[in-house]
Amino acid sequence: MQFLAHLPLDIGVVAVFFCQNDPGMCDDWDATAGANRAYLFSGELTPAAVPADGETLLGAVTALRLHPADKPTEEPVLGRLGGEPDWIQDDETPDCPLCATRMTFTAELEEGYDFATSGNFGGGGRGYLFNCQPCSEAAFLWQR
């Protein structure tokens, strides 16, 4: 799985991963099919060491910064935190896999402008992140 985003939030830190195999090889648009995974971490976190072997793409990074919705900006805005999801298709809010309660919308991510640093949501799609705080669970899906 490819690491997509690390979002520091009031409820903890969410790390988002999704499948990047050839198109059609995994149901990466579905929050429960296993091709996506979001983890909600709480408590004190420490950075991981860079592995000695293998490939890392640390040069391909986009910084995400919080920006108040009511203030204009010259920077491109590639998503939002909280509120209600702006669905491209139908509402696909997932249920928590542990308690079966409808999960809370957390963030919306857009693809971006640079293929090296943007999420691939099928060309013009959006990613949607949800959480269940009592169960410390998170889920991710995208639509196009």
# chains A, B, ... in the order shown; residues from 1 in each chain; ligands from 1
>>> residues_around(residues="range 120-132 of chain A", least_positions_apart="4", cutoff="6 Å", atoms="only C-alpha atoms", output="list of chain:residue names")
A:Met103, A:Thr104, A:Phe105, A:Thr106, A:Ala107, A:Glu108, A:Leu109, A:Glu110, A:Ser136, A:Glu137, A:Ala138, A:Ala139, A:Phe140, A:Leu141, A:Trp142, A:Gln143, A:Arg144
>>> closest_residue(among="A:Glu92, A:Cys135, A:Asp53, A:Leu9", to="Arg80 in chain A", atoms="only C-alpha atoms")
A:Leu9
>>> closest_residue(among="A:Leu45, A:Leu40, A:Ala100, A:Cys19", to="Leu4 in chain A", atoms="only C-alpha atoms")
A:Cys19
>>> closest_residue(among="A:Thr73, A:Gly79, A:Ala35, A:Asp91", to="Ala5 in chain A", atoms="only C-alpha atoms")
A:Gly79
>>> closest_residue(among="A:Val14, A:Gln2, A:Leu78, A:Asp86", to="Glu111 in chain A", atoms="only C-alpha atoms")
A:Leu78
>>> atom_distance(atom1="CA of Thr46 in chain A", atom2="CA of Phe18 in chain A")
22.6 Å
>>> atom_distance(atom1="CA of Leu81 in chain A", atom2="CA of Pro8 in chain A")
10.6 Å
>>> residues_around(residues="Phe3 in chain A", least_positions_apart="3", cutoff="8 Å", atoms="only C-alpha atoms", output="PyMOL selection string")
chain A and resi 15-18
>>> decode(residues="range 5-19 of chain A", atoms="all heavy atoms", output="mmCIF file, in the first residue's frame")
data_model
loop_
_atom_site.group_PDB
_atom_site.id
_atom_site.type_symbol
_atom_site.label_atom_id
_atom_site.label_comp_id
_atom_site.auth_asym_id
_atom_site.auth_seq_id
_atom_site.Cartn_x
_atom_site.Cartn_y
_atom_site.Cartn_z
ATOM 1 N N ALA A 5 -1.420 10.137 3.293
ATOM 2 C CA ALA A 5 -1.507 11.352 4.101
ATOM 3 C C ALA A 5 -1.324 11.056 5.573
ATOM 4 O O ALA A 5 -1.644 9.965 6.047
ATOM 5 C CB ALA A 5 -2.858 12.029 3.885
ATOM 6 N N HIS A 6 -0.842 12.049 6.271
ATOM 7 C CA HIS A 6 -0.682 12.056 7.726
ATOM 8 C C HIS A 6 -1.369 13.339 8.186
ATOM 9 O O HIS A 6 -0.940 14.436 7.823
ATOM 10 C CB HIS A 6 0.817 12.086 8.034
ATOM 11 C CG HIS A 6 1.154 12.439 9.441
ATOM 12 N ND1 HIS A 6 1.539 11.500 10.353
ATOM 13 C CD2 HIS A 6 1.197 13.620 10.095
ATOM 14 C CE1 HIS A 6 1.805 12.103 11.509
ATOM 15 N NE2 HIS A 6 1.605 13.385 11.371
ATOM 16 N N LEU A 7 -2.469 13.200 8.901
ATOM 17 C CA LEU A 7 -3.251 14.365 9.308
ATOM 18 C C LEU A 7 -3.300 14.483 10.828
ATOM 19 O O LEU A 7 -3.923 13.663 11.497
ATOM 20 C CB LEU A 7 -4.685 14.259 8.776
ATOM 21 C CG LEU A 7 -4.828 14.183 7.258
ATOM 22 C CD1 LEU A 7 -6.261 13.859 6.882
ATOM 23 C CD2 LEU A 7 -4.400 15.489 6.625
ATOM 24 N N PRO A 8 -2.636 15.499 11.390
ATOM 25 C CA PRO A 8 -2.756 15.739 12.832
ATOM 26 C C PRO A 8 -4.088 16.436 13.118
ATOM 27 O O PRO A 8 -4.361 17.499 12.575
ATOM 28 C CB PRO A 8 -1.561 16.642 13.143
ATOM 29 C CG PRO A 8 -1.190 17.260 11.840
ATOM 30 C CD PRO A 8 -1.689 16.377 10.743
ATOM 31 N N LEU A 9 -4.913 15.814 13.939
ATOM 32 C CA LEU A 9 -6.252 16.319 14.235
ATOM 33 C C LEU A 9 -6.447 16.417 15.741
ATOM 34 O O LEU A 9 -5.640 15.900 16.514
ATOM 35 C CB LEU A 9 -7.306 15.382 13.643
ATOM 36 C CG LEU A 9 -7.188 15.098 12.145
ATOM 37 C CD1 LEU A 9 -8.087 13.945 11.759
ATOM 38 C CD2 LEU A 9 -7.516 16.346 11.353
ATOM 39 N N ASP A 10 -7.542 17.023 16.177
ATOM 40 C CA ASP A 10 -7.852 17.114 17.603
ATOM 41 C C ASP A 10 -8.028 15.734 18.244
ATOM 42 O O ASP A 10 -7.737 15.553 19.410
ATOM 43 C CB ASP A 10 -9.124 17.934 17.832
ATOM 44 C CG ASP A 10 -8.943 19.403 17.499
ATOM 45 O OD1 ASP A 10 -7.780 19.870 17.437
ATOM 46 O OD2 ASP A 10 -9.954 20.087 17.294
ATOM 47 N N ILE A 11 -8.522 14.771 17.473
ATOM 48 C CA ILE A 11 -8.795 13.432 18.009
ATOM 49 C C ILE A 11 -7.572 12.529 17.992
ATOM 50 O O ILE A 11 -7.608 11.411 18.480
ATOM 51 C CB ILE A 11 -9.933 12.757 17.226
ATOM 52 C CG1 ILE A 11 -9.559 12.637 15.744
ATOM 53 C CG2 ILE A 11 -11.242 13.487 17.432
ATOM 54 C CD1 ILE A 11 -10.500 11.786 14.932
ATOM 55 N N GLY A 12 -6.476 12.966 17.391
ATOM 56 C CA GLY A 12 -5.250 12.183 17.263
ATOM 57 C C GLY A 12 -4.649 12.410 15.897
ATOM 58 O O GLY A 12 -4.926 13.398 15.229
ATOM 59 N N VAL A 13 -3.841 11.476 15.454
ATOM 60 C CA VAL A 13 -3.209 11.563 14.138
ATOM 61 C C VAL A 13 -3.766 10.434 13.277
ATOM 62 O O VAL A 13 -3.832 9.287 13.712
ATOM 63 C CB VAL A 13 -1.679 11.431 14.254
ATOM 64 C CG1 VAL A 13 -1.032 11.363 12.884
ATOM 65 C CG2 VAL A 13 -1.109 12.587 15.058
ATOM 66 N N VAL A 14 -4.165 10.772 12.050
ATOM 67 C CA VAL A 14 -4.667 9.766 11.126
ATOM 68 C C VAL A 14 -3.641 9.576 10.014
ATOM 69 O O VAL A 14 -3.165 10.547 9.429
ATOM 70 C CB VAL A 14 -6.029 10.176 10.527
ATOM 71 C CG1 VAL A 14 -6.516 9.135 9.536
ATOM 72 C CG2 VAL A 14 -7.062 10.376 11.616
ATOM 73 N N ALA A 15 -3.279 8.321 9.744
ATOM 74 C CA ALA A 15 -2.406 7.968 8.629
ATOM 75 C C ALA A 15 -3.252 7.209 7.612
ATOM 76 O O ALA A 15 -3.982 6.289 7.971
ATOM 77 C CB ALA A 15 -1.243 7.110 9.107
ATOM 78 N N VAL A 16 -3.166 7.614 6.342
ATOM 79 C CA VAL A 16 -3.999 7.041 5.283
ATOM 80 C C VAL A 16 -3.113 6.339 4.258
ATOM 81 O O VAL A 16 -2.127 6.897 3.787
ATOM 82 C CB VAL A 16 -4.827 8.142 4.577
ATOM 83 C CG1 VAL A 16 -5.713 7.546 3.491
ATOM 84 C CG2 VAL A 16 -5.658 8.924 5.572
ATOM 85 N N PHE A 17 -3.506 5.109 3.907
ATOM 86 C CA PHE A 17 -2.804 4.312 2.910
ATOM 87 C C PHE A 17 -3.830 3.808 1.901
ATOM 88 O O PHE A 17 -4.981 3.561 2.252
ATOM 89 C CB PHE A 17 -2.141 3.094 3.562
ATOM 90 C CG PHE A 17 -1.118 3.448 4.595
ATOM 91 C CD1 PHE A 17 -1.496 3.740 5.899
ATOM 92 C CD2 PHE A 17 0.225 3.492 4.258
ATOM 93 C CE1 PHE A 17 -0.553 4.066 6.857
ATOM 94 C CE2 PHE A 17 1.174 3.813 5.216
ATOM 95 C CZ PHE A 17 0.785 4.106 6.514
ATOM 96 N N PHE A 18 -3.395 3.626 0.618
ATOM 97 C CA PHE A 18 -4.304 3.001 -0.330
ATOM 98 C C PHE A 18 -3.536 2.262 -1.414
ATOM 99 O O PHE A 18 -2.360 2.491 -1.649
ATOM 100 C CB PHE A 18 -5.335 3.978 -0.876
ATOM 101 C CG PHE A 18 -4.863 4.992 -1.880
ATOM 102 C CD1 PHE A 18 -5.601 5.208 -3.031
ATOM 103 C CD2 PHE A 18 -3.748 5.774 -1.666
ATOM 104 C CE1 PHE A 18 -5.207 6.162 -3.955
ATOM 105 C CE2 PHE A 18 -3.352 6.733 -2.574
ATOM 106 C CZ PHE A 18 -4.081 6.915 -3.738
ATOM 107 N N CYS A 19 -4.217 1.318 -2.044
ATOM 108 C CA CYS A 19 -3.639 0.444 -3.054
ATOM 109 C C CYS A 19 -3.297 1.246 -4.306
ATOM 110 O O CYS A 19 -4.085 2.053 -4.759
ATOM 111 C CB CYS A 19 -4.657 -0.648 -3.402
ATOM 112 S SG CYS A 19 -4.144 -1.724 -4.740
#
